[in-house]
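Okay, so here's the structure we're looking at.
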Amino acid sequence: MFEKTVLPGGGRIGKLTTRRGVLATPFFMPDATRASVRGLSTSDIRETGVEALVVNTYHLYLQPGTELIQKTRKESADPEGVHAFMGWDGPLLSDSGGYQIYSLIHKHADMGRITDEGAEFRSVLDGSRHLITPERAIAIQFDLGTDMIVCLDDPRPNDASREEIVKAVDRTLRWAERCRAEYDRQCEARGFGDATRPLLFGVVQGGMHVDERRRCAAGLAAIGFDGYGFGGRHVDEEGNFLADILAATAAAIPENSPRFALGIGTPSDIARCHALGWDMFDCVIPTREGRHGRLFLWAKPQIPNSKLQFPNQVDPDFYRTINIQNEQFKEDFSPVDPICDCELCRQYTRAYLKHLFKVADPLAGRLASMHNLRFYMRLMKALRGEED
RNA sequence: GGGUAGGUAGCAGAGCGGUCAAAUGCAUCAGACUGUAAAUCUGACGCCCUACGGGCUACGGGGGUUCGAAUCCCUCCCUACCCA
């Protein structure tokens, strides 16, 4: 169930009900691709204010495998599945793995191929051959026990020919139909009703062609999903934000469904997407860039009473980034961000964090990831118009 | 005192007559990162300049041989190990 209010600027705030809790939208989910947000414990993640995570079907299927994950048994509210396996009892979304297989094959053509049947690929771990069909992708996600699941789709590079994009949309729609059918079978077989079934998301492809995005969205809506995702890349080959595509695609998705901007993005990308009507986000940026030494800082510490407020229209200067490994921070004994309330900013200095990076202490990546996630969480709060 | 092996850029360590301002690794400096094959990847790294080109100074010090030396010879200094 999704309830929302449209703000004057076009953005939406609302509540998405999953079988494992209600999430206020817009929200951001860090990527716990292999059932962990690299370097962070679940209590670390909790401390940043994160409420939901994204795990990856493809990665967990290859390692450690769904069979092992299903063997997890615990005395808890989550006695089995990936929740129990990773010790996280909040909502989990699993990405289908379509993008990973696409990315693998796009970089190394000999690693696999996409056919109408599904995605064939070789494991990067041991070279073994695998076939993930739309049905299989859904079944695996049921086995994982995730609360929001995603259809297998067929992403293409944005500079692909129009012909290729049309084919990708066709295939994505055919696969979406098969995913939906498998989803219904699984719910039936497992006795899942409205309160106990995971939410199913379709993914809109269409590259940089507005008409194809619309066709894909309409086709998916006709099949019927709980939510709809933006697939592919939201920036062009030069890195320019595709505002027109994001706006048109959001508008083409049923108004009362949550809109999931997969893999987006930088803080400003998220703020802009929210203003265009997107409700859900996930991205590796806060954690990966954190591990690489880039920290997000509020640009306006003078915001009254530390209450972070953002207009619906995007202020591109609401934040800045620093690379803590730069020489200028060597003797900087101030906190990373004086208006941040994370563990790093409360207890440590820039000079110390730089030192941790220099000596390659895992604590560096942990503190930086938590800081960036805290930044993202406060950004989402601000976009929701909540008190900080 | 005798012997052996060595002294190369911040460090370690190649090179052993021209294509060497000198491989490689580390360190250093900067950049990238958007549904995570990413604790990864890229670039710079003697000095100077009108800088996809040019100039200067360099391979322990000094002196030779040679058209040409980090590379060969002499000598001095230093280091490590072995024998007394």
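Here, A, B, ... name the chains of the structure tokens in the order displayed, residue numbers run from 1 inside each chain, and ligands are numbered from 1 in the same displayed order.
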Spatial neighbours of range 5-11 of chain B, 9 Å, only C-alpha atoms (C1' of nucleotides), chain gap at least 2 places, as a ChimeraX atom specification:
/B:22,26-28,46,58-60,70,78-81
May I have the residues within 10 Å of A69 in chain B as a list of chain:residue names, using only C-alpha atoms (C1' of nucleotides) and disregarding those fewer than 2 positions away in the same chain?
B:G17, B:G18, B:U65, B:U66, B:U71, B:C72
Spatial neighbours of range 261-267 of chain A, 10 Å, only C-alpha atoms (C1' of nucleotides), chain gap at least 5 places, as an NGL selection string:
(:A and (28-31 or 95 or 203-204 or 228-235 or 246 or 250 or 272-274 or 277-286 or 296 or 316 or 318-320 or 375-376 or 379-380)) or (:B and (34-35))
Using only C-alpha atoms (C1' of nucleotides), find which residues of chain B lie within 12 Å of chain A and jot them down as a PDB file with N, CA and C atoms (P, O5', C5', C4', C3', O3' and C1' of nucleotides), in the first residue's frame.
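File written: iface20.pdb
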```pdb
ATOM      1  P     A B  27      51.770   2.271  -0.425  1.00  0.00           P
ATOM      2  O5'   A B  27      52.718   3.500  -0.067  1.00  0.00           O
ATOM      3  C5'   A B  27      53.235   3.639   1.246  1.00  0.00           C
ATOM      4  C4'   A B  27      54.136   4.860   1.302  1.00  0.00           C
ATOM      5  C3'   A B  27      53.471   6.171   0.932  1.00  0.00           C
ATOM      6  O3'   A B  27      52.771   6.739   2.018  1.00  0.00           O
ATOM      7  C1'   A B  27      55.513   5.990  -0.218  1.00  0.00           C
ATOM      8  P     U B  28      51.475   7.621   1.688  1.00  0.00           P
ATOM      9  O5'   U B  28      52.067   8.866   0.888  1.00  0.00           O
ATOM     10  C5'   U B  28      52.964   9.760   1.510  1.00  0.00           C
ATOM     11  C4'   U B  28      53.407  10.795   0.513  1.00  0.00           C
ATOM     12  C3'   U B  28      52.285  11.540  -0.183  1.00  0.00           C
ATOM     13  O3'   U B  28      51.798  12.597   0.639  1.00  0.00           O
ATOM     14  C1'   U B  28      53.854  10.857  -1.799  1.00  0.00           C
ATOM     15  P     C B  29      50.255  12.954   0.573  1.00  0.00           P
ATOM     16  O5'   C B  29      50.114  13.692  -0.836  1.00  0.00           O
ATOM     17  C5'   C B  29      50.770  14.927  -1.077  1.00  0.00           C
ATOM     18  C4'   C B  29      50.509  15.342  -2.498  1.00  0.00           C
ATOM     19  C3'   C B  29      49.057  15.291  -2.937  1.00  0.00           C
ATOM     20  O3'   C B  29      48.334  16.426  -2.495  1.00  0.00           O
ATOM     21  C1'   C B  29      50.399  14.306  -4.597  1.00  0.00           C
ATOM     22  P     A B  30      46.762  16.260  -2.224  1.00  0.00           P
ATOM     23  O5'   A B  30      46.166  15.954  -3.681  1.00  0.00           O
ATOM     24  C5'   A B  30      45.590  16.969  -4.453  1.00  0.00           C
ATOM     25  C4'   A B  30      45.376  16.507  -5.864  1.00  0.00           C
ATOM     26  C3'   A B  30      44.080  15.774  -6.158  1.00  0.00           C
ATOM     27  O3'   A B  30      42.970  16.650  -6.210  1.00  0.00           O
ATOM     28  C1'   A B  30      45.841  14.720  -7.303  1.00  0.00           C
ATOM     29  P     G B  31      41.518  16.080  -5.862  1.00  0.00           P
ATOM     30  O5'   G B  31      41.104  15.293  -7.179  1.00  0.00           O
ATOM     31  C5'   G B  31      41.046  15.940  -8.439  1.00  0.00           C
ATOM     32  C4'   G B  31      40.861  14.913  -9.519  1.00  0.00           C
ATOM     33  C3'   G B  31      39.651  14.010  -9.378  1.00  0.00           C
ATOM     34  O3'   G B  31      38.469  14.637  -9.843  1.00  0.00           O
ATOM     35  C1'   G B  31      41.519  12.695  -9.918  1.00  0.00           C
ATOM     36  P     A B  32      37.053  14.190  -9.275  1.00  0.00           P
ATOM     37  O5'   A B  32      36.837  12.746  -9.933  1.00  0.00           O
ATOM     38  C5'   A B  32      36.624  12.608 -11.329  1.00  0.00           C
ATOM     39  C4'   A B  32      36.618  11.146 -11.698  1.00  0.00           C
ATOM     40  C3'   A B  32      35.469  10.334 -11.128  1.00  0.00           C
ATOM     41  O3'   A B  32      34.335  10.440 -11.965  1.00  0.00           O
ATOM     42  C1'   A B  32      37.499   9.155 -10.831  1.00  0.00           C
ATOM     43  P     C B  33      32.878  10.411 -11.255  1.00  0.00           P
ATOM     44  O5'   C B  33      32.643   8.901 -10.759  1.00  0.00           O
ATOM     45  C5'   C B  33      32.640   7.774 -11.661  1.00  0.00           C
ATOM     46  C4'   C B  33      32.806   6.537 -10.799  1.00  0.00           C
ATOM     47  C3'   C B  33      31.583   6.256  -9.936  1.00  0.00           C
ATOM     48  O3'   C B  33      31.164   4.908 -10.101  1.00  0.00           O
ATOM     49  C1'   C B  33      33.561   6.398  -8.606  1.00  0.00           C
ATOM     50  P     U B  34      29.992   4.497 -11.052  1.00  0.00           P
ATOM     51  O5'   U B  34      28.661   5.006 -10.319  1.00  0.00           O
ATOM     52  C5'   U B  34      28.279   4.444  -9.050  1.00  0.00           C
ATOM     53  C4'   U B  34      26.825   4.773  -8.839  1.00  0.00           C
ATOM     54  C3'   U B  34      25.946   4.259  -9.982  1.00  0.00           C
ATOM     55  O3'   U B  34      24.869   3.444  -9.524  1.00  0.00           O
ATOM     56  C1'   U B  34      25.676   6.618  -9.654  1.00  0.00           C
ATOM     57  P     G B  35      25.184   2.096  -8.669  1.00  0.00           P
ATOM     58  O5'   G B  35      23.810   1.510  -8.101  1.00  0.00           O
ATOM     59  C5'   G B  35      22.770   1.290  -9.065  1.00  0.00           C
ATOM     60  C4'   G B  35      21.911   0.201  -8.509  1.00  0.00           C
ATOM     61  C3'   G B  35      22.463  -1.192  -8.789  1.00  0.00           C
ATOM     62  O3'   G B  35      23.208  -1.594  -7.632  1.00  0.00           O
ATOM     63  C1'   G B  35      20.228  -0.983  -9.605  1.00  0.00           C
ATOM     64  P     U B  36      23.751  -3.252  -7.647  1.00  0.00           P
ATOM     65  O5'   U B  36      25.297  -3.256  -8.007  1.00  0.00           O
ATOM     66  C5'   U B  36      26.115  -2.116  -7.734  1.00  0.00           C
ATOM     67  C4'   U B  36      27.554  -2.546  -7.756  1.00  0.00           C
ATOM     68  C3'   U B  36      27.689  -4.034  -7.337  1.00  0.00           C
ATOM     69  O3'   U B  36      27.955  -4.971  -8.377  1.00  0.00           O
ATOM     70  C1'   U B  36      28.942  -2.518  -5.867  1.00  0.00           C
ATOM     71  P     A B  37      28.930  -4.998  -9.652  1.00  0.00           P
ATOM     72  O5'   A B  37      29.463  -6.488  -9.517  1.00  0.00           O
ATOM     73  C5'   A B  37      30.405  -7.009 -10.377  1.00  0.00           C
ATOM     74  C4'   A B  37      31.618  -7.410  -9.587  1.00  0.00           C
ATOM     75  C3'   A B  37      32.614  -6.254  -9.507  1.00  0.00           C
ATOM     76  O3'   A B  37      32.755  -5.734  -8.188  1.00  0.00           O
ATOM     77  C1'   A B  37      33.605  -8.295 -10.344  1.00  0.00           C
ATOM     78  P     A B  38      33.485  -6.174  -6.889  1.00  0.00           P
ATOM     79  O5'   A B  38      34.302  -4.898  -6.412  1.00  0.00           O
ATOM     80  C5'   A B  38      35.714  -4.852  -6.538  1.00  0.00           C
ATOM     81  C4'   A B  38      36.211  -3.522  -6.040  1.00  0.00           C
ATOM     82  C3'   A B  38      35.450  -2.950  -4.861  1.00  0.00           C
ATOM     83  O3'   A B  38      36.416  -2.624  -3.885  1.00  0.00           O
ATOM     84  C1'   A B  38      35.429  -1.442  -6.725  1.00  0.00           C
ATOM     85  P     A B  39      36.384  -2.803  -2.368  1.00  0.00           P
ATOM     86  O5'   A B  39      37.144  -1.508  -1.902  1.00  0.00           O
ATOM     87  C5'   A B  39      38.365  -1.053  -2.421  1.00  0.00           C
ATOM     88  C4'   A B  39      39.267  -0.785  -1.242  1.00  0.00           C
ATOM     89  C3'   A B  39      40.528  -1.634  -1.279  1.00  0.00           C
ATOM     90  O3'   A B  39      41.505  -0.948  -2.000  1.00  0.00           O
ATOM     91  C1'   A B  39      39.542  -1.705   0.893  1.00  0.00           C
ATOM     92  P     U B  40      42.544  -1.711  -2.963  1.00  0.00           P
ATOM     93  O5'   U B  40      41.891  -1.650  -4.413  1.00  0.00           O
ATOM     94  C5'   U B  40      41.191  -2.771  -4.944  1.00  0.00           C
ATOM     95  C4'   U B  40      40.392  -2.326  -6.137  1.00  0.00           C
ATOM     96  C3'   U B  40      41.173  -1.485  -7.133  1.00  0.00           C
ATOM     97  O3'   U B  40      41.906  -2.321  -8.022  1.00  0.00           O
ATOM     98  C1'   U B  40      39.128  -0.416  -6.662  1.00  0.00           C
ATOM     99  P     C B  41      43.290  -1.817  -8.670  1.00  0.00           P
ATOM    100  O5'   C B  41      42.831  -0.730  -9.730  1.00  0.00           O
ATOM    101  C5'   C B  41      42.061  -1.119 -10.869  1.00  0.00           C
ATOM    102  C4'   C B  41      41.540   0.115 -11.575  1.00  0.00           C
ATOM    103  C3'   C B  41      42.601   1.136 -11.974  1.00  0.00           C
ATOM    104  O3'   C B  41      43.244   0.778 -13.178  1.00  0.00           O
ATOM    105  C1'   C B  41      40.819   2.260 -10.934  1.00  0.00           C
TER     106        C B  41
END
```
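CA of Phe225 in chain A to CA of Thr17 in chain A spans 14.4 Å [interatomic distance, one decimal].
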Please give the complete set of residues from range 145-352 of chain A that DSSP, run on the backbone, assigns to alpha helix (DSSP H), formatted as a PyMOL selection string.
chain A and resi 162-190+210-223+243-252+267-275+285-291+343-347+350-352
Within range 119-243 of chain A, find each residue whose DSSP state, derived from the backbone, is strand (DSSP E), and express the selection as a PyMOL selection string.
chain A and resi 119-122+129-132+148-150+199-204+227-230
Could you name the residues that touch Glu120 in chain A at 9 Å or less, counting only C-alpha atoms (C1' of nucleotides), but leaving out those on the same chain fewer than 5 positions away, as an MDAnalysis selection string?
chainID A and resid 101 111:115 129:133
Report, in Å to a single decimal, how far apart CA of Thr57 in chain A and CA of Glu117 in chain A are.
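Rounded to one decimal, the two atoms are 17.9 Å apart.
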Point out the residue among B:C67, B:C16, B:A21, B:C83 with the least atom-to-atom distance to C47 in chain B, counting only C-alpha atoms (C1' of nucleotides).
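Checking each candidate against C47 in chain B, we get B:A21 as the closest.
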So that I can see what lies close to Arg384 in chain A, please list as a PyMOL selection string the residues with an atom at most 10 Å from it, counting only C-alpha atoms (C1' of nucleotides) and leaving out residues fewer than 2 positions away in the same chain.
chain A and resi 7+11-14+24-27+274+309-310+312+378-382+386-387
Dump as a JSON list (two decimals), in the first residue's frame, selection limited to C-alpha atoms:
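This is the output file again35.json:
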```
[["chain", "number", "residue", "atom", "x", "y", "z"],
["A", 7, "LEU", "CA", 3.99, 18.85, -2.80],
["A", 11, "GLY", "CA", 7.82, 16.15, -5.26],
["A", 12, "ARG", "CA", 5.86, 13.65, -3.23],
["A", 13, "ILE", "CA", 5.93, 12.56, 0.37],
["A", 14, "GLY", "CA", 4.17, 9.45, 1.52],
["A", 24, "ALA", "CA", 8.23, 7.12, 4.88],
["A", 25, "THR", "CA", 8.96, 8.29, 1.34],
["A", 26, "PRO", "CA", 11.14, 9.51, -0.15],
["A", 27, "PHE", "CA", 13.70, 7.12, 1.32],
["A", 274, "HIS", "CA", 12.55, 13.69, -5.85],
["A", 309, "GLN", "CA", 15.69, 22.53, 5.21],
["A", 310, "PHE", "CA", 15.49, 22.21, 1.50],
["A", 312, "ASN", "CA", 11.45, 21.56, -3.35],
["A", 378, "ARG", "CA", 19.30, 13.72, 6.85],
["A", 379, "LEU", "CA", 18.91, 14.71, 3.21],
["A", 380, "MET", "CA", 15.96, 12.34, 2.89],
["A", 381, "LYS", "CA", 14.48, 13.72, 6.09],
["A", 382, "ALA", "CA", 14.80, 17.21, 4.73],
["A", 386, "GLU", "CA", 10.56, 16.32, 8.69],
["A", 387, "GLU", "CA", 12.06, 18.01, 11.70]]
```
